[in-house]
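What's in run-v8.txt: compact mmCIF, C-alpha atoms
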# COMPACT_ATOMS: atom_id res chain seq x y z
CA MET A 1 -8.32 -44.42 -2.57
CA LEU A 2 -8.14 -41.51 -0.15
CA MET A 3 -5.69 -41.78 2.73
CA ILE A 4 -6.21 -39.63 5.82
CA ILE A 5 -3.20 -39.10 8.06
CA THR A 6 -3.43 -37.25 11.33
CA ALA A 7 -0.46 -34.90 11.31
CA ARG A 8 1.30 -32.23 13.30
CA VAL A 9 2.57 -29.32 11.26
CA SER A 10 5.25 -26.72 11.89
CA LEU A 11 5.95 -23.74 9.66
CA ILE A 12 9.23 -23.24 7.84
CA SER A 13 8.39 -19.55 7.49
CA SER A 14 6.70 -18.86 10.78
CA VAL A 15 4.22 -16.06 11.40
CA ARG A 16 4.18 -14.36 14.79
CA THR A 17 0.85 -14.69 16.52
CA SER A 18 -0.49 -12.05 18.83
CA PHE A 19 -4.05 -11.28 19.84
CA ASN A 20 -4.67 -7.58 20.16
CA PHE A 21 -8.34 -6.90 19.68
CA LEU A 22 -9.41 -9.90 21.72
CA SER A 23 -8.45 -11.57 24.96
CA SER A 24 -9.43 -15.11 25.89
CA LYS A 25 -11.43 -16.03 28.95
CA ASN A 26 -8.49 -18.20 29.86
CA PHE A 27 -6.54 -14.97 30.36
CA PRO A 28 -9.08 -12.57 31.86
CA LEU A 29 -8.78 -8.96 30.79
CA PHE A 30 -10.28 -6.34 33.08
CA LEU A 31 -11.28 -3.37 31.00
CA SER A 32 -11.22 0.21 32.18
CA LEU A 33 -13.77 1.90 29.97
CA LYS A 34 -13.56 5.65 29.81
CA HIS A 35 -17.14 6.25 28.74
CA PRO A 36 -19.54 3.38 29.41
CA PHE A 37 -23.20 3.96 28.64
CA SER A 38 -26.58 3.33 30.08
CA ILE A 39 -29.75 3.90 28.06
CA HIS A 40 -32.81 5.02 29.95
CA LYS A 41 -36.02 6.87 29.12
CA LYS A 42 -35.28 7.10 25.40
CA LYS A 43 -32.01 8.87 26.03
CA LEU A 44 -28.35 7.94 26.15
CA LEU A 45 -26.71 8.99 29.40
CA ALA A 46 -22.90 9.07 29.38
CA PHE A 47 -20.95 8.72 32.59
CA SER A 48 -17.35 8.08 33.55
CA LEU A 49 -16.64 5.02 35.65
CA PRO A 50 -13.96 2.31 35.47
CA VAL A 51 -15.72 -0.96 34.73
CA ALA A 52 -14.29 -4.47 35.02
CA THR A 53 -15.54 -7.41 33.01
CA SER A 54 -17.23 -8.99 36.02
CA THR A 55 -19.16 -5.77 36.62
CA MET A 56 -20.33 -5.62 33.03
CA GLU A 57 -21.55 -9.17 33.13
CA SER A 58 -23.56 -8.46 36.25
CA GLN A 59 -25.49 -5.74 34.43
CA SER A 60 -28.15 -7.92 32.85
CA ALA A 61 -29.88 -5.49 30.46
CA CYS A 62 -28.61 -4.92 26.92
CA ASP A 63 -29.55 -1.73 25.10
CA LEU A 64 -30.13 -1.91 21.33
CA VAL A 65 -30.58 1.05 18.97
CA LEU A 66 -32.17 0.39 15.56
CA CYS A 67 -31.78 2.43 12.38
CA GLY A 68 -32.69 1.89 8.72
CA LYS A 69 -31.26 3.25 5.50
CA SER A 70 -34.64 3.92 3.91
CA SER A 71 -38.25 4.28 5.01
CA THR A 72 -38.71 0.55 4.38
CA GLU A 73 -36.01 -0.40 6.88
CA GLU A 74 -37.21 2.27 9.30
CA GLU A 75 -40.66 0.69 9.32
CA LEU A 76 -39.06 -2.69 9.97
CA ALA A 77 -37.16 -1.17 12.88
CA LYS A 78 -40.38 0.24 14.35
CA SER A 79 -42.07 -3.13 14.00
CA LEU A 80 -39.19 -4.89 15.78
CA GLN A 81 -39.43 -2.35 18.59
CA ASN A 82 -43.20 -2.47 18.95
CA ASN A 83 -43.33 -6.26 18.88
CA LYS A 84 -40.28 -6.65 21.13
CA SER A 85 -39.09 -9.19 18.58
CA ILE A 86 -35.37 -9.23 19.43
CA ARG A 87 -34.31 -11.64 22.15
CA LEU A 88 -30.99 -12.71 23.63
CA PRO A 89 -29.85 -16.01 25.19
CA ASN A 90 -30.51 -16.74 28.85
CA ASP A 91 -33.51 -14.41 28.87
CA THR A 92 -31.24 -11.35 28.99
CA GLU A 93 -33.31 -8.20 29.32
CA VAL A 94 -33.33 -6.14 26.12
CA SER A 95 -34.23 -2.46 25.73
CA ILE A 96 -34.95 -1.44 22.10
CA LEU A 97 -34.80 2.16 20.89
CA LEU A 98 -34.92 3.82 17.49
CA ASN A 99 -32.05 6.03 16.38
CA SER A 100 -34.47 8.95 16.11
CA GLU A 101 -35.19 8.64 19.84
CA ILE A 102 -31.59 9.13 20.92
CA ASP A 103 -30.29 12.41 22.23
CA ASP A 104 -27.11 12.87 20.16
CA VAL A 105 -25.71 15.36 22.66
CA SER A 106 -25.36 12.54 25.16
CA LEU A 107 -23.13 10.46 22.89
CA THR A 108 -19.38 10.59 23.40
CA GLU A 109 -16.84 10.92 20.61
CA ASP A 110 -16.00 7.21 20.59
CA SER A 111 -19.61 6.06 20.11
CA PHE A 112 -20.44 4.45 16.79
CA ARG A 113 -21.73 7.24 14.52
CA ILE A 114 -24.84 5.73 12.99
CA ASP A 115 -25.66 8.71 10.74
CA SER A 116 -22.16 8.76 9.28
CA TYR A 117 -22.42 5.06 8.50
CA MET A 118 -25.83 5.38 6.86
CA ASN A 119 -24.63 8.27 4.69
CA SER A 120 -21.77 6.12 3.36
CA ILE A 121 -23.52 2.85 2.60
CA SER A 122 -24.83 2.28 -0.94
CA THR A 123 -25.94 -1.37 -0.92
CA LYS A 124 -29.21 -2.86 -2.02
CA ARG A 125 -29.45 -5.57 0.66
CA PHE A 126 -26.59 -5.77 3.14
CA GLY A 127 -26.15 -3.45 6.10
CA ARG A 128 -29.29 -1.40 5.49
CA LEU A 129 -30.87 -2.26 8.84
CA LEU A 130 -28.42 -1.60 11.66
CA ILE A 131 -28.60 -2.59 15.31
CA TRP A 132 -26.12 -0.77 17.54
CA SER A 133 -25.31 -1.34 21.19
CA PRO A 134 -22.79 0.53 23.36
CA ARG A 135 -22.18 -2.64 25.39
CA LEU A 136 -23.22 -6.11 24.40
CA THR A 137 -22.48 -9.73 25.24
CA SER A 138 -22.02 -10.69 21.59
CA THR A 139 -23.14 -9.26 18.25
CA HIS A 140 -23.22 -12.83 17.00
CA ASP A 141 -25.84 -13.72 19.62
CA VAL A 142 -28.12 -10.96 18.35
CA VAL A 143 -28.11 -11.96 14.68
CA SER A 144 -28.00 -15.75 15.14
CA GLN A 145 -30.60 -15.86 17.92
CA ASN A 146 -32.99 -13.65 15.92
CA PHE A 147 -32.13 -14.75 12.39
CA CYS A 148 -35.70 -15.47 11.31
CA GLU A 149 -36.99 -12.21 12.80
CA LEU A 150 -34.50 -10.01 10.95
CA PRO A 151 -34.28 -9.24 7.23
CA ILE A 152 -31.31 -10.80 5.44
CA GLY A 153 -28.35 -8.43 5.57
CA THR A 154 -29.11 -6.99 9.00
CA VAL A 155 -25.94 -5.93 10.86
CA CYS A 156 -25.37 -5.64 14.60
CA VAL A 157 -22.50 -3.43 15.86
CA ALA A 158 -21.19 -3.01 19.41
CA ASP A 159 -18.70 -0.57 20.93
CA VAL A 160 -17.75 -3.09 23.63
CA GLN A 161 -18.28 -6.84 23.55
CA PHE A 162 -17.60 -9.02 26.57
CA LYS A 163 -18.77 -12.48 25.51
CA GLY A 164 -17.71 -12.58 21.89
CA ARG A 165 -17.69 -15.93 20.12
CA GLY A 166 -14.65 -17.57 18.55
CA ARG A 167 -13.61 -20.85 17.02
CA SER A 168 -14.10 -23.98 19.15
CA LYS A 169 -16.46 -22.04 21.45
CA ASN A 170 -13.67 -19.72 22.63
CA VAL A 171 -15.07 -16.68 24.46
CA TRP A 172 -13.53 -13.26 23.88
CA GLU A 173 -13.59 -9.81 25.41
CA SER A 174 -13.20 -6.87 23.06
CA PRO A 175 -12.47 -3.32 24.29
CA ARG A 176 -13.12 0.06 22.72
CA GLY A 177 -11.32 0.93 19.51
CA CYS A 178 -12.44 -2.25 17.74
CA LEU A 179 -14.95 -2.63 14.94
CA LEU A 180 -17.17 -5.45 16.21
CA PHE A 181 -20.06 -6.57 14.03
CA SER A 182 -22.11 -9.53 12.83
CA PHE A 183 -24.55 -9.77 9.94
CA THR A 184 -26.88 -12.26 8.29
CA LEU A 185 -26.86 -13.84 4.85
CA GLN A 186 -28.52 -16.81 3.23
CA MET A 187 -27.22 -19.47 0.84
CA GLU A 188 -28.68 -22.48 -0.93
CA ASP A 189 -25.63 -24.49 -2.04
CA GLY A 190 -24.09 -26.12 1.02
CA ARG A 191 -20.93 -27.03 -0.90
CA VAL A 192 -19.81 -23.39 -1.04
CA VAL A 193 -20.95 -22.28 2.41
CA PRO A 194 -17.44 -22.91 3.92
CA LEU A 195 -15.96 -20.54 1.32
CA VAL A 196 -18.03 -17.52 2.30
CA GLN A 197 -15.58 -16.66 5.12
CA TYR A 198 -12.95 -16.06 2.44
CA VAL A 199 -15.27 -13.63 0.66
CA VAL A 200 -15.78 -11.80 3.97
CA SER A 201 -12.00 -11.63 4.49
CA LEU A 202 -11.49 -10.21 1.01
CA ALA A 203 -14.20 -7.60 1.49
CA ILE A 204 -12.47 -6.37 4.66
CA THR A 205 -9.02 -6.08 3.06
CA GLU A 206 -10.42 -4.48 -0.10
CA ALA A 207 -12.46 -2.00 1.94
CA ILE A 208 -9.37 -0.82 3.82
CA LYS A 209 -7.44 -0.41 0.55
CA ASP A 210 -10.32 1.56 -0.97
CA ILE A 211 -10.57 3.93 2.00
CA CYS A 212 -6.82 4.57 1.96
CA ASP A 213 -6.96 5.33 -1.78
CA LYS A 214 -9.89 7.74 -1.43
CA ASN A 215 -8.16 9.65 1.35
CA GLY A 216 -4.75 9.78 -0.32
CA VAL A 217 -2.88 7.82 2.36
CA PRO A 218 -0.63 4.75 1.97
CA HIS A 219 -2.23 1.32 2.06
CA VAL A 220 -2.43 -0.38 5.43
CA ASP A 221 -1.36 -3.83 4.29
CA VAL A 222 -3.85 -6.15 6.00
CA ARG A 223 -3.22 -9.76 5.02
CA ILE A 224 -5.28 -12.93 5.38
CA LYS A 225 -4.02 -15.83 7.46
CA TRP A 226 -5.95 -18.92 6.45
CA PRO A 227 -8.67 -19.54 7.19
CA ASN A 228 -10.15 -16.62 9.10
CA ASP A 229 -7.57 -14.26 10.65
CA LEU A 230 -6.36 -10.80 9.60
CA TYR A 231 -2.73 -9.79 10.13
CA ILE A 232 -0.45 -6.77 9.80
CA ASP A 233 3.32 -7.22 9.97
CA GLY A 234 2.95 -10.64 11.58
CA LEU A 235 0.52 -9.43 14.26
CA LYS A 236 -3.13 -10.36 14.44
CA VAL A 237 -5.54 -7.42 14.14
CA GLY A 238 -8.77 -9.18 13.27
CA GLY A 239 -10.73 -12.38 12.91
CA ILE A 240 -13.84 -13.79 11.26
CA LEU A 241 -16.35 -16.36 12.48
CA CYS A 242 -19.11 -17.77 10.27
CA THR A 243 -21.74 -20.14 11.61
CA SER A 244 -24.73 -21.64 9.82
CA THR A 245 -27.94 -23.55 10.36
CA TYR A 246 -30.07 -25.34 7.78
CA LYS A 247 -33.77 -24.54 7.55
CA SER A 248 -36.35 -24.70 4.77
CA LYS A 249 -33.74 -25.85 2.23
CA LYS A 250 -31.52 -22.84 2.89
CA PHE A 251 -28.40 -22.21 4.95
CA ASN A 252 -28.82 -19.33 7.38
CA VAL A 253 -25.32 -17.89 7.86
CA SER A 254 -24.28 -15.52 10.63
CA ALA A 255 -20.94 -13.84 9.92
CA GLY A 256 -19.05 -12.14 12.77
CA ILE A 257 -16.02 -9.87 12.39
CA GLY A 258 -13.68 -8.21 14.87
CA LEU A 259 -11.12 -5.68 13.64
CA ASN A 260 -8.74 -3.63 15.78
CA VAL A 261 -8.97 -0.14 14.33
CA ASP A 262 -7.79 2.19 17.08
CA ASN A 263 -6.52 0.28 20.11
CA GLU A 264 -2.77 -0.17 19.73
CA LYS A 265 -2.08 -1.91 23.04
CA PRO A 266 -0.64 -4.43 23.61
CA THR A 267 0.60 -4.83 20.03
CA THR A 268 -0.80 -2.78 17.14
CA CYS A 269 -3.91 -1.60 15.29
CA LEU A 270 -4.77 -0.16 11.88
CA ASN A 271 -4.27 3.48 12.86
CA ALA A 272 -0.99 2.78 14.65
CA VAL A 273 0.37 1.28 11.43
CA LEU A 274 -1.06 4.16 9.39
CA ARG A 275 0.73 6.72 11.59
CA LYS A 276 4.04 5.03 10.78
CA LEU A 277 3.33 5.28 7.06
CA THR A 278 2.29 8.93 6.78
CA SER A 279 2.47 12.25 8.57
CA ALA A 280 -1.12 13.03 7.57
CA SER A 281 -3.58 13.43 10.41
CA TYR A 282 -6.18 11.17 8.79
CA LYS A 283 -7.48 8.25 10.86
CA LEU A 284 -9.45 5.22 9.75
CA GLN A 285 -12.96 5.28 11.22
CA ARG A 286 -15.10 2.29 12.16
CA GLU A 287 -18.14 3.69 10.37
CA ASP A 288 -16.28 4.18 7.08
CA ILE A 289 -14.78 0.69 7.23
CA LEU A 290 -18.14 -0.95 7.94
CA ALA A 291 -19.98 0.92 5.17
CA THR A 292 -17.21 0.31 2.63
CA PHE A 293 -17.05 -3.34 3.69
CA PHE A 294 -20.71 -3.86 2.81
CA ASN A 295 -20.35 -1.93 -0.45
CA LYS A 296 -17.51 -4.31 -1.38
CA PHE A 297 -19.02 -7.46 0.08
CA GLU A 298 -22.31 -7.18 -1.77
CA CYS A 299 -20.51 -7.10 -5.12
CA LEU A 300 -18.06 -9.89 -4.21
CA PHE A 301 -20.81 -12.06 -2.74
CA ASP A 302 -23.03 -11.72 -5.82
CA ASN A 303 -20.12 -12.75 -8.06
CA PHE A 304 -19.34 -15.63 -5.70
CA ILE A 305 -22.92 -16.94 -5.80
CA ASP A 306 -23.14 -16.60 -9.61
CA GLN A 307 -19.68 -17.88 -10.58
CA GLY A 308 -18.18 -19.59 -7.54
CA PHE A 309 -14.97 -18.69 -5.76
CA GLN A 310 -12.63 -19.26 -8.70
CA PRO A 311 -12.94 -15.73 -10.15
CA LEU A 312 -11.91 -14.36 -6.74
CA GLU A 313 -8.96 -16.71 -6.23
CA GLU A 314 -6.33 -14.50 -7.86
CA LEU A 315 -7.23 -11.56 -5.62
CA TYR A 316 -7.41 -13.84 -2.58
CA TYR A 317 -3.95 -15.29 -3.21
CA LYS A 318 -2.51 -11.79 -3.56
CA THR A 319 -3.87 -10.98 -0.12
CA TRP A 320 -3.17 -14.13 1.89
CA LEU A 321 0.10 -15.11 3.58
CA HIS A 322 0.59 -18.66 2.36
CA SER A 323 1.48 -18.94 -1.33
CA GLY A 324 4.59 -21.07 -1.56
CA GLN A 325 4.75 -21.53 2.20
CA ARG A 326 6.49 -24.74 3.22
CA VAL A 327 5.23 -26.77 6.17
CA ILE A 328 6.49 -29.93 7.80
CA VAL A 329 3.80 -32.56 8.23
CA GLN A 330 4.68 -34.86 11.12
CA GLN A 331 2.68 -38.05 10.95
CA GLU A 332 1.78 -39.84 14.15
CA LYS A 333 4.13 -42.80 14.55
CA ASN A 334 2.86 -46.36 14.43
CA ASP A 335 3.67 -48.97 17.06
CA ASP A 336 6.51 -50.31 14.93
CA GLN A 337 8.13 -46.86 14.47
CA ASP A 338 10.70 -45.34 16.78
CA GLN A 339 10.29 -41.82 15.43
CA PRO A 340 7.41 -40.03 13.69
CA VAL A 341 7.73 -39.60 9.94
CA GLU A 342 8.09 -36.02 8.72
CA ASN A 343 7.08 -34.89 5.25
CA LEU A 344 7.73 -31.48 3.70
CA VAL A 345 4.87 -30.00 1.68
CA THR A 346 4.41 -26.67 -0.08
CA ILE A 347 1.09 -24.82 -0.02
CA GLN A 348 -0.26 -24.18 -3.51
CA GLY A 349 -3.65 -22.65 -2.83
CA LEU A 350 -7.15 -23.80 -1.89
CA THR A 351 -9.06 -26.91 -2.87
CA SER A 352 -12.60 -26.67 -4.24
CA SER A 353 -13.90 -27.39 -0.74
CA GLY A 354 -11.90 -24.54 0.79
CA TYR A 355 -9.09 -26.46 2.49
CA LEU A 356 -5.38 -25.99 1.83
CA LEU A 357 -3.98 -27.52 -1.34
CA ALA A 358 -0.36 -28.65 -0.95
CA ILE A 359 2.22 -30.64 -2.85
CA SER A 360 4.82 -32.95 -1.35
CA GLU A 361 8.44 -33.23 -2.49
CA ASP A 362 7.57 -36.33 -4.52
CA GLY A 363 4.82 -34.45 -6.39
CA GLN A 364 1.88 -35.91 -4.49
CA MET A 365 -1.01 -33.46 -4.19
CA CYS A 366 -2.72 -33.40 -0.82
CA GLU A 367 -5.39 -31.53 1.09
CA LEU A 368 -4.68 -30.10 4.55
CA HIS A 369 -7.35 -29.21 7.05
CA PRO A 370 -7.49 -28.69 10.84
CA ASP A 371 -7.78 -31.53 13.30
CA GLY A 372 -9.97 -29.36 15.52
CA ASN A 373 -7.72 -29.64 18.56
CA SER A 374 -5.18 -26.86 18.09
CA PHE A 375 -5.64 -23.13 18.67
CA ASP A 376 -3.39 -22.38 15.69
CA PHE A 377 -4.63 -24.11 12.54
CA PHE A 378 -1.07 -24.75 11.39
CA LYS A 379 -0.17 -26.70 14.52
CA GLY A 380 -2.62 -29.50 13.83
CA LEU A 381 -3.64 -30.57 10.35
CA ILE A 382 -5.01 -33.67 8.72
CA LYS A 383 -3.34 -34.61 5.46
CA ARG A 384 -5.52 -36.17 2.79
CA LYS A 385 -3.94 -37.44 -0.40
CA LEU A 386 -5.73 -36.41 -3.57
CA SER A 387 -5.94 -38.85 -6.44

Take the structure from the file and write it as structure tokens.
Amino acid sequence: MLMIITARVSLISSVRTSFNFLSSKNFPLFLSLKHPFSIHKKKLLAFSLPVATSTMESQSACDLVLCGKSSTEEELAKSLQNNKSIRLPNDTEVSILLNSEIDDVSLTEDSFRIDSYMNSISTKRFGRLLIWSPRLTSTHDVVSQNFCELPIGTVCVADVQFKGRGRSKNVWESPRGCLLFSFTLQMEDGRVVPLVQYVVSLAITEAIKDICDKNGVPHVDVRIKWPNDLYIDGLKVGGILCTSTYKSKKFNVSAGIGLNVDNEKPTTCLNAVLRKLTSASYKLQREDILATFFNKFECLFDNFIDQGFQPLEELYYKTWLHSGQRVIVQQEKNDDQDQPVENLVTIQGLTSSGYLLAISEDGQMCELHPDGNSFDFFKGLIKRKLS
């Protein structure tokens, strides 16, 4: 018989939490953007003006630039433009351009470099059709709202995002210096859909390692905090959100990723850590990370679909923060108890359903998963004994 116990959990080995690339709506962040954009008359016009979040939200139109890896994707991009197929929530006005229609001279140095990205990607499906926006409510809105209109593997990238989506409907604001993107994928087996976020996490960490190796610089040690956060030295530098809908016997999955590449305030970012590790002038670039991510993800995802997550577990456990981590599970007290009962458990890995596998001091195996009420997953877990 399965026993479910609502529990509060505290970490024996605590991890510092800090949110660098995102700021919650509960703590408004007014952004001063050095080079905001406006797209008009098939041309990008750069101008310098401090912009606060409230100002950005009042500008209703969103500008989208489409580009394809091959002639096939380019034709798809033209069709999306001609048919005005891409829509956003709340009837937000959308202006669609092709990459070939943009005046490159008007782009500033911190704009996403589409051509550089396209030259680096070598996938067969993922990331070959790109949608870029200099300023967007949410990349996740673009891919999830238009899932059926876009080919599987389409990616949307934004330089600035001011209504990003997080867990439990949290809303986030993301400034320049972050890699902000969402993409589409499709799955048939609903039992493994929750595990795909772990494959995404692995692809990000492996991509960063690969780029560091190719450029002869030390590894930036990005680690995975279960289930969907990315950390360096105890500080959060990224996060992943996967959502899905079920249609025509398939799960339509939208995966969103935010990664702080080059914005070291208020805590840290990838390049800030890299500067501490080497005197080389090399800097990690958003375009290289995104292209390498897809090159890695496509291979990992195909193996995951063919063989399940088990072949990836060893690599995942080398990358995450929790092997052997001890947590105190505090059960809610009953009416006849004066004090809540505390149990010490040690995290062993993941269960087949993607939750935390732990073992108690008396050898009882149990499954831990969030109660849905806490911002930090480890501050509210449900303990389920496994037979």

Residues of segment 267-384 of chain A at most 6 Å from segment 197-204 of chain A: nearest atom pair and distance in Å, all atoms listed in the file, as a tab-separated table:
residue	atom	partner	partner_atom	distance
A:Phe293	CA	A:Ile204	CA	5.6
A:Lys296	CA	A:Ala203	CA	5.5
A:Phe297	CA	A:Ala203	CA	5.0

Produce a file of the selected residues containing C-alpha atoms, as a PDB file, keeping the file's coordinate frame.
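Written out: again-v7.pdb:
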ATOM      1  CA  PHE A 293     -17.050  -3.340   3.690  1.00  0.00           C
ATOM      2  CA  LYS A 296     -17.510  -4.310  -1.380  1.00  0.00           C
ATOM      3  CA  PHE A 297     -19.020  -7.460   0.080  1.00  0.00           C
TER       4      PHE A 297
END

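When all atoms listed in the file are used to measure the gap to Tyr355 of chain A, the shortest distance among A:Val94, A:Val329, A:Leu274, A:Leu195 belongs to A:Leu195.
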
Expressed in Å, the length from atom CA of Leu312 of chain A to atom CA of Trp226 of chain A is 15.2 Å

**Request:** Find the residues around Cys366 of chain A up to 8 Å (only C-alpha atoms counted), leave out those fewer than 2 positions away in its own chain, and share them as a list in words.
**Result:**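 Close residues of Cys366 of chain A: Leu357, Ala358, Ile359, Ser360, Gln364, Leu368, Lys383, Arg384, Lys385 and Leu386 of chain A.
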
Across A:Glu109, A:Thr154, A:Thr72, A:Leu350, the smallest distance to Tyr317 of chain A, with only C-alpha atoms counted, is shown by A:Leu350

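Rounded to one decimal, atom CA of Leu241 of chain A and atom CA of Ser138 of chain A lie 12.1 Å from each other.
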
Review point. How far is it from atom CA of Gly238 of chain A to atom CA of Val222 of chain A, in Å with one decimal?
Key: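 Value for the atom CA of Gly238 of chain A-atom CA of Val222 of chain A distance: 9.3 Å.
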